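The structure appears right after this line, and notes come after that.
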Amino acid sequence: MQTDVLVIGSGAAGMYAALEAARRGAAVMLIDRSLIGRGGATVMAQMTVAVALGEEEPDHWEHHLADTLEAGRELCDPMLSQLLCEEAPACIREMDAWGVGWARAGSHIKQVQAPGHDRPRCVYVDFVNTGPAVSKTLRAQLQHTSEVQRTGDLLVTELALAGGQCIGAHAVHTMTGAPVSIAAKATIVATGGLTRIYARNSASINMGGDGYALALRAGAELVDMEFVQFFPIGHLAPRLVGMDPIMWDPFRYKLGGRLLNAERHEFLQEDGRYVSARDLATYAILKEVAEGRGSPHGGAWLSFQHCNERDLRVAFGPVIDRLAANGIDLTREAIEVAPIAHYHMGGIRVDADMHTSVPHLFAAGEAVGGANGANRLSGNAITEAFVFGRRAGLRAAALAGNTPMPELGAAPQRAEQRPDLNPAAEIARLQAVMNQDVGPLRTRTGLERALGHLSVLASACEDLPAPAAGLDAEWLDLHDLRNMRLVAECVARCALARTESRGAHQRDDFPDMDPAWRRHQKLRLKPEGVQLES
């Protein structure tokens with residue numbers, strides 16, 4: 001197969017990239033290991049999108065940038081952060097023209113204030129449906145764009161290279177096990193983040209770091225891999241079935257919500273408001289637990305008992321019935337919450353055109369590192385998906401217009417023998433190790449222990465065998481284990497090297513922020529393994 005622009009991953013970044021490349025005249029192939037537009041993080045997002053529209057009160061992208069830089073704890077790439085904030089309004093208004101349905105107050109788009117912002121800036125569709133609405137809108141645009149060929153169930157196993165230049169990708173059709181090779185003049189990686197490497201995560205099954213591993217093995221640089229954002233109020237107890245573990249954020253936006261310790265004291269001093277940045281709230285909860293003031297399951301209480309049933313139903317309607325089916329009555333009892341892996345600030349190193357260090361290879365969305373520094377500002381995730389996706393599609397199409405179609409050889413030969421392990425069990429073990437030793441609070445001992453575990457796995461994950469005919473679930477687990485192990489090592493190595501606490505990276509043995517560490521850590525994969533470069 002061949003195409004002008006190949007886009008790998010079909011969340012908001014991938015779909016926007018495909019649309020932009022197509023309207024710039026490129027033939028585009030948009031592929032995903034899941035169904036197009038229905039896997040990854042975007043479709044799961046419930047909350048808000050940060051953008052300086054100035055419709056609720058006067059605003060400017062420079063104010064949004066100032067808040068983004070402050071949240072990033074002096075480590076944002078200012079070029080990428082500015083791009084994110086400056087181009088966001090155009091993307092949000094384009095989505096509005098496409099019918100996404102941003103909530104309105106009278107004639108203007110409604111905006112609310114989120115933690116870390118200096119004014120009401122965040123738009124939304126409704127407080128539990130923003131991501132699905134965004135995905136649906138982009139899918140609808142794709143359906144009317146004949147220049148984009150959409151193919152699901154294609155799992156990319158490696159990027160194709162010739163003379164150090166990316167010329168496409170090799171993939172496997174997951175339903176049949178058939179190899180598929182795609183020649184491309186330009187390739188965009190938009191596969192999202194890596195939070196599935198943690199046992200407690202809010203991720204889809206796609207978020208195991210595939211894009212980082214693909215780029216690293218192709219010769220690209222990664223940056224800021226130590227910075228994993230933990231969402232502070234992920235659901236912990238009682239059992240919640242069929243609902244998103246980070247669903248309590250929109251509740252706090254609309255209704256307040258008090259974070260309480262075991263003594264039922266509001267330890268964040270928020271007075272029922274929602275103002276604390278995610279990294280600060282995460283460590284405040286962990287501190288309460290460490291000092292013996294945690295809730296019974298090892299978190300904090302989140303109480304909406306100040307709300308009556310009418311207020312709850314006006315705000316969330318049928319969601320209240322779904323909670324009741326889980327045995328949860330918010331007017332009578334608090335629920336338990338605790339930090340959960342949610343987003344990754346690090347990723348593939350790019351320039352302002354989303355171009356990586358590998359010629360003809362671009363990245364977009366959460367696959368990109370640097371824009372958010374050490375801590376992402378609330379609401380910036382979908383914003384960067386739009387902005388970086390659009391920029392990547394634009395630049396990839398321009399490059400493809402001046403590039404001949406490359407000749408792509410056959411897919412690489414696969415190992416015949418599978419490693420002697422249970423990959424599903426090893427994935428679960430890796431997730432547990434990462435949660436325990438490379439989680440929100442880190443120590444040298446724990447990080448070295450995690451690296452030891454990952455080192456033992458390395459030889460078994462060195463090669464990817466060929467899949468069997470048909471749907472080969474064990475092979476899919478082997479593929480995921482191989483990539484998850486590699487990116488987990490990147491996170492742990494960077495975390496061990498950074499001997500300070502900054503944003504989402506907190507070292508119990510180095511509790512202070514060190515000005516000497518106001519610098520990025522970059523990684524490359526060399527024959528001897530993962531290598532750090534400052």
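We name chains A, B, ... following the order of the structure tokens; residues begin at 1 in each chain, and ligands are numbered from 1 as shown.
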| field | Surrounding residues of Ser459 of chain A excluding itself and chain neighbours under 4 positions, 9 Å, only C-alpha atoms, as a list in words | value |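 Skipping anything fewer than 4 positions along the chain leaves Pro419, Ser455 and Asp463 of chain A.
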| request: Can you list, as a VMD selection string, all residues belonging to segment 162-257 of chain A that DSSP tags as strand (DSSP E or B)? | output: chain A and resid 162 165 to 173 179 to 189 201 222 to 223 228 to 237
Take the selection from the previous step and output its residues with C-alpha atoms, as a compact mmCIF listing (two decimals), in the first residue's frame.
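Written file, result_10.txt:
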# COMPACT_ATOMS: atom_id res chain seq x y z
CA ALA A 162 15.75 4.07 4.22
CA GLN A 165 14.58 8.65 6.57
CA CYS A 166 11.10 7.41 7.49
CA ILE A 167 9.40 5.99 4.40
CA GLY A 168 6.27 4.49 5.95
CA ALA A 169 5.47 1.67 8.33
CA HIS A 170 5.06 -2.06 8.71
CA ALA A 171 1.93 -3.29 10.45
CA VAL A 172 -0.11 -6.37 11.27
CA HIS A 173 -3.82 -6.73 10.66
CA PRO A 179 1.45 -8.37 7.48
CA VAL A 180 0.73 -4.99 5.89
CA SER A 181 3.37 -2.55 4.61
CA ILE A 182 2.56 1.07 3.80
CA ALA A 183 4.89 3.36 1.85
CA ALA A 184 4.45 7.04 2.72
CA LYS A 185 6.13 10.29 1.78
CA ALA A 186 5.51 11.59 5.30
CA THR A 187 4.41 9.81 8.48
CA ILE A 188 2.72 11.23 11.58
CA VAL A 189 2.76 9.41 14.93
CA ASN A 201 -4.68 4.27 35.22
CA LEU A 222 12.34 11.38 23.44
CA VAL A 223 12.20 14.15 26.04
CA VAL A 228 3.79 11.37 34.37
CA GLN A 229 0.74 13.29 35.57
CA PHE A 230 -1.38 11.53 38.17
CA PHE A 231 -4.97 12.68 38.33
CA PRO A 232 -5.50 13.27 42.06
CA ILE A 233 -9.10 12.17 42.49
CA GLY A 234 -9.37 8.89 40.58
CA HIS A 235 -12.15 6.72 41.98
CA LEU A 236 -11.01 4.27 44.65
CA ALA A 237 -14.07 2.99 46.57
| field | Given only C-alpha atoms as the counted atoms, nearest of A:Leu30, A:Leu194, A:Val51, A:Cys461 to Val491 of chain A | value |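 Closest residue, counting only C-alpha atoms: A:Leu194.
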| said: Using DSSP assignments from the backbone, pull out every residue in segment 88-233 of chain A that falls under alpha helix (DSSP H) and give it to me as a ChimeraX atom specification. | reply: /A:88-97,130-143,210-218
| Residues near His344 of chain A, cut-off 9 Å, only C-alpha atoms, skip fewer than 3 positions along chain, as a count of residues only | 17
| Counting only C-alpha atoms, what is within 9 Å of Glu55 of chain A, bar same-chain residues fewer than 4 positions away, as an MDAnalysis selection string? | chainID A and resid 59 108:111 121
Residues just named, written with N, CA, C and O atoms as a PDB file, in the first residue's frame:
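Just written: result34.pdb:
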ATOM      1  N   ASP A  59      -9.804  38.081  27.412  1.00  0.00           N
ATOM      2  CA  ASP A  59      -8.708  37.117  27.534  1.00  0.00           C
ATOM      3  C   ASP A  59      -7.813  37.271  26.310  1.00  0.00           C
ATOM      4  O   ASP A  59      -8.171  37.904  25.315  1.00  0.00           O
ATOM      5  N   HIS A 108     -23.012  33.523  23.408  1.00  0.00           N
ATOM      6  CA  HIS A 108     -21.571  33.270  23.412  1.00  0.00           C
ATOM      7  C   HIS A 108     -21.245  31.885  23.966  1.00  0.00           C
ATOM      8  O   HIS A 108     -22.039  31.270  24.689  1.00  0.00           O
ATOM      9  N   ILE A 109     -20.061  31.387  23.575  1.00  0.00           N
ATOM     10  CA  ILE A 109     -19.586  30.103  24.076  1.00  0.00           C
ATOM     11  C   ILE A 109     -19.268  30.247  25.557  1.00  0.00           C
ATOM     12  O   ILE A 109     -18.560  31.165  25.969  1.00  0.00           O
ATOM     13  N   LYS A 110     -19.783  29.326  26.342  1.00  0.00           N
ATOM     14  CA  LYS A 110     -19.593  29.382  27.789  1.00  0.00           C
ATOM     15  C   LYS A 110     -18.182  28.914  28.145  1.00  0.00           C
ATOM     16  O   LYS A 110     -17.658  27.973  27.551  1.00  0.00           O
ATOM     17  N   GLN A 111     -17.573  29.581  29.117  1.00  0.00           N
ATOM     18  CA  GLN A 111     -16.242  29.204  29.586  1.00  0.00           C
ATOM     19  C   GLN A 111     -16.238  29.154  31.107  1.00  0.00           C
ATOM     20  O   GLN A 111     -16.859  29.992  31.765  1.00  0.00           O
ATOM     21  N   ARG A 121     -11.773  30.129  31.254  1.00  0.00           N
ATOM     22  CA  ARG A 121     -11.127  29.966  29.957  1.00  0.00           C
ATOM     23  C   ARG A 121     -11.510  28.655  29.270  1.00  0.00           C
ATOM     24  O   ARG A 121     -11.273  28.497  28.062  1.00  0.00           O
TER      25      ARG A 121
END
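For Thr383 of chain A, the non-local neighbours within 7 Å, defined as residues at least 2 positions apart in the same chain or in other chains and counting only C-alpha atoms, are Val49, Ala50, Leu84, Ala88, Asn380, Ala381, Ala385, Phe386 and Val387 of chain A.
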Selection above as a file: C-alpha atoms, as a PDB file, in the first residue's frame:
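The resulting out_3.pdb:
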ATOM      1  CA  VAL A  49     -10.754  22.344  26.709  1.00  0.00           C
ATOM      2  CA  ALA A  50      -8.544  25.326  27.544  1.00  0.00           C
ATOM      3  CA  LEU A  84      -0.511  25.545  21.690  1.00  0.00           C
ATOM      4  CA  ALA A  88      -6.047  27.178  19.982  1.00  0.00           C
ATOM      5  CA  ASN A 380      -4.621  21.644  27.685  1.00  0.00           C
ATOM      6  CA  ALA A 381      -4.785  17.994  26.535  1.00  0.00           C
ATOM      7  CA  ALA A 385      -4.355  17.475  20.169  1.00  0.00           C
ATOM      8  CA  PHE A 386      -6.143  19.989  17.932  1.00  0.00           C
ATOM      9  CA  VAL A 387      -3.252  22.415  17.506  1.00  0.00           C
TER      10      VAL A 387
END
| task | Would you list the contacts of Leu83 of chain A as number ranges by chain, taking every protein, DNA or RNA residue within 10 Å and counting only C-alpha atoms, but skipping same-chain residues closer than 4 positions in sequence? | result | A: 61, 65, 78-79, 87-88, 352-353, 371, 384, 387-388, 391
Can I get the selection written as a CSV table (one decimal), in the first residue's frame, with C-alpha atoms?
chain,number,residue,atom,x,y,z
A,61,TRP,CA,-3.5,33.7,24.3
A,65,LEU,CA,0.5,30.9,27.9
A,78,PRO,CA,8.2,27.9,25.3
A,79,MET,CA,8.0,27.6,21.5
A,87,GLU,CA,-3.4,28.7,17.7
A,88,ALA,CA,-6.0,27.2,20.0
A,352,ALA,CA,7.5,23.9,15.9
A,353,ASP,CA,6.5,22.1,12.7
A,371,ALA,CA,4.9,21.7,25.6
A,384,GLU,CA,-2.7,20.3,22.1
A,387,VAL,CA,-3.3,22.4,17.5
A,388,PHE,CA,-0.4,19.9,17.1
A,391,ARG,CA,0.2,21.7,12.4
| request: Do a neighbour search on Phe267 of chain A at 10 Å with only C-alpha atoms, toss out local chain neighbours closer than 6 positions, and write the hits as a list in words. | output: Arg258, Leu259, Leu260, Asn261, Ala281, Ala284, Ile285, Glu288 and Ala300 of chain A
Please write the residues from the selection above to a file, keeping N, CA, C and O atoms, as a PDB file, in the first residue's frame.
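So part_24.pdb came out as:
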ATOM      1  N   ARG A 258     -15.679  18.510  48.538  1.00  0.00           N
ATOM      2  CA  ARG A 258     -14.663  18.727  49.566  1.00  0.00           C
ATOM      3  C   ARG A 258     -13.773  17.502  49.709  1.00  0.00           C
ATOM      4  O   ARG A 258     -14.273  16.392  49.892  1.00  0.00           O
ATOM      5  N   LEU A 259     -12.467  17.709  49.604  1.00  0.00           N
ATOM      6  CA  LEU A 259     -11.501  16.647  49.845  1.00  0.00           C
ATOM      7  C   LEU A 259     -11.202  16.610  51.338  1.00  0.00           C
ATOM      8  O   LEU A 259     -10.707  17.586  51.910  1.00  0.00           O
ATOM      9  N   LEU A 260     -11.478  15.460  51.960  1.00  0.00           N
ATOM     10  CA  LEU A 260     -11.377  15.323  53.407  1.00  0.00           C
ATOM     11  C   LEU A 260     -10.449  14.182  53.767  1.00  0.00           C
ATOM     12  O   LEU A 260     -10.387  13.166  53.072  1.00  0.00           O
ATOM     13  N   ASN A 261      -9.746  14.327  54.872  1.00  0.00           N
ATOM     14  CA  ASN A 261      -8.929  13.220  55.368  1.00  0.00           C
ATOM     15  C   ASN A 261      -9.742  12.344  56.312  1.00  0.00           C
ATOM     16  O   ASN A 261     -10.963  12.544  56.467  1.00  0.00           O
ATOM     17  N   ALA A 281      -2.388  18.713  44.443  1.00  0.00           N
ATOM     18  CA  ALA A 281      -3.449  17.913  45.056  1.00  0.00           C
ATOM     19  C   ALA A 281      -3.015  16.464  45.232  1.00  0.00           C
ATOM     20  O   ALA A 281      -3.313  15.828  46.254  1.00  0.00           O
ATOM     21  N   ALA A 284      -0.658  16.255  48.193  1.00  0.00           N
ATOM     22  CA  ALA A 284      -1.374  16.516  49.438  1.00  0.00           C
ATOM     23  C   ALA A 284      -2.126  15.272  49.895  1.00  0.00           C
ATOM     24  O   ALA A 284      -2.122  14.929  51.085  1.00  0.00           O
ATOM     25  N   ILE A 285      -2.753  14.553  48.956  1.00  0.00           N
ATOM     26  CA  ILE A 285      -3.445  13.310  49.307  1.00  0.00           C
ATOM     27  C   ILE A 285      -2.451  12.269  49.805  1.00  0.00           C
ATOM     28  O   ILE A 285      -2.669  11.597  50.829  1.00  0.00           O
ATOM     29  N   GLU A 288      -1.337  12.960  53.355  1.00  0.00           N
ATOM     30  CA  GLU A 288      -2.328  12.575  54.360  1.00  0.00           C
ATOM     31  C   GLU A 288      -2.297  11.074  54.606  1.00  0.00           C
ATOM     32  O   GLU A 288      -2.362  10.612  55.749  1.00  0.00           O
ATOM     33  N   ALA A 300      -8.334   9.538  49.949  1.00  0.00           N
ATOM     34  CA  ALA A 300      -9.003  10.607  50.691  1.00  0.00           C
ATOM     35  C   ALA A 300     -10.498  10.511  50.419  1.00  0.00           C
ATOM     36  O   ALA A 300     -10.930   9.883  49.448  1.00  0.00           O
TER      37      ALA A 300
END
Please report as a Markdown table every residue of segment 329-431 of chain A lying within 7 Å of segment 6-26 of chain A, along with the nearest atom pair and their distance in Å (one decimal), using only C-alpha atoms.
| residue | atom | partner | partner_atom | distance |
| --- | --- | --- | --- | --- |
| A:Ala364 | CA | A:Ala13 | CA | 5.9 |
| A:Gly365 | CA | A:Ala13 | CA | 5.0 |
| A:Ala385 | CA | A:Ala13 | CA | 4.2 |
| A:Phe386 | CA | A:Ala13 | CA | 5.6 |
| A:Phe388 | CA | A:Ala13 | CA | 6.8 |
| A:Gly389 | CA | A:Ala13 | CA | 4.2 |
| A:Arg390 | CA | A:Ala17 | CA | 4.9 |
| A:Ala392 | CA | A:Ala17 | CA | 6.0 |
| A:Gly393 | CA | A:Ala17 | CA | 4.1 |
| A:Leu394 | CA | A:Ala21 | CA | 5.4 |
| A:Ala396 | CA | A:Ala21 | CA | 6.9 |
| A:Ala397 | CA | A:Ala21 | CA | 5.0 |
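Using only C-alpha atoms, the nearest neighbour of Pro412 of chain A within the list A:Ala428, A:Leu154, A:Leu161, A:Ala71 is A:Leu161.
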| task | To one decimal in Å, tell me the separation between atom CA of Leu478 of chain A and atom CA of Gly409 of chain A. | result |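 One can read the atom CA of Leu478 of chain A to atom CA of Gly409 of chain A distance as 24.6 Å.
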| message | Calculated over only C-alpha atoms, which of the candidates A:Gly256, A:Pro296, A:Gln431, A:Glu266 has the smallest distance to Asp311 of chain A? | response |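 Residue with the minimum atom-to-atom distance to Asp311 of chain A: A:Gly256.
Using only C-alpha atoms, the smallest distance between any of A:Arg418, A:Val433, A:Gly163, A:Leu408 and Glu448 of chain A comes from A:Val433.
Across the model, the gap from atom CA of Pro339 of chain A to atom CA of Ser202 of chain A is 10.3 Å.
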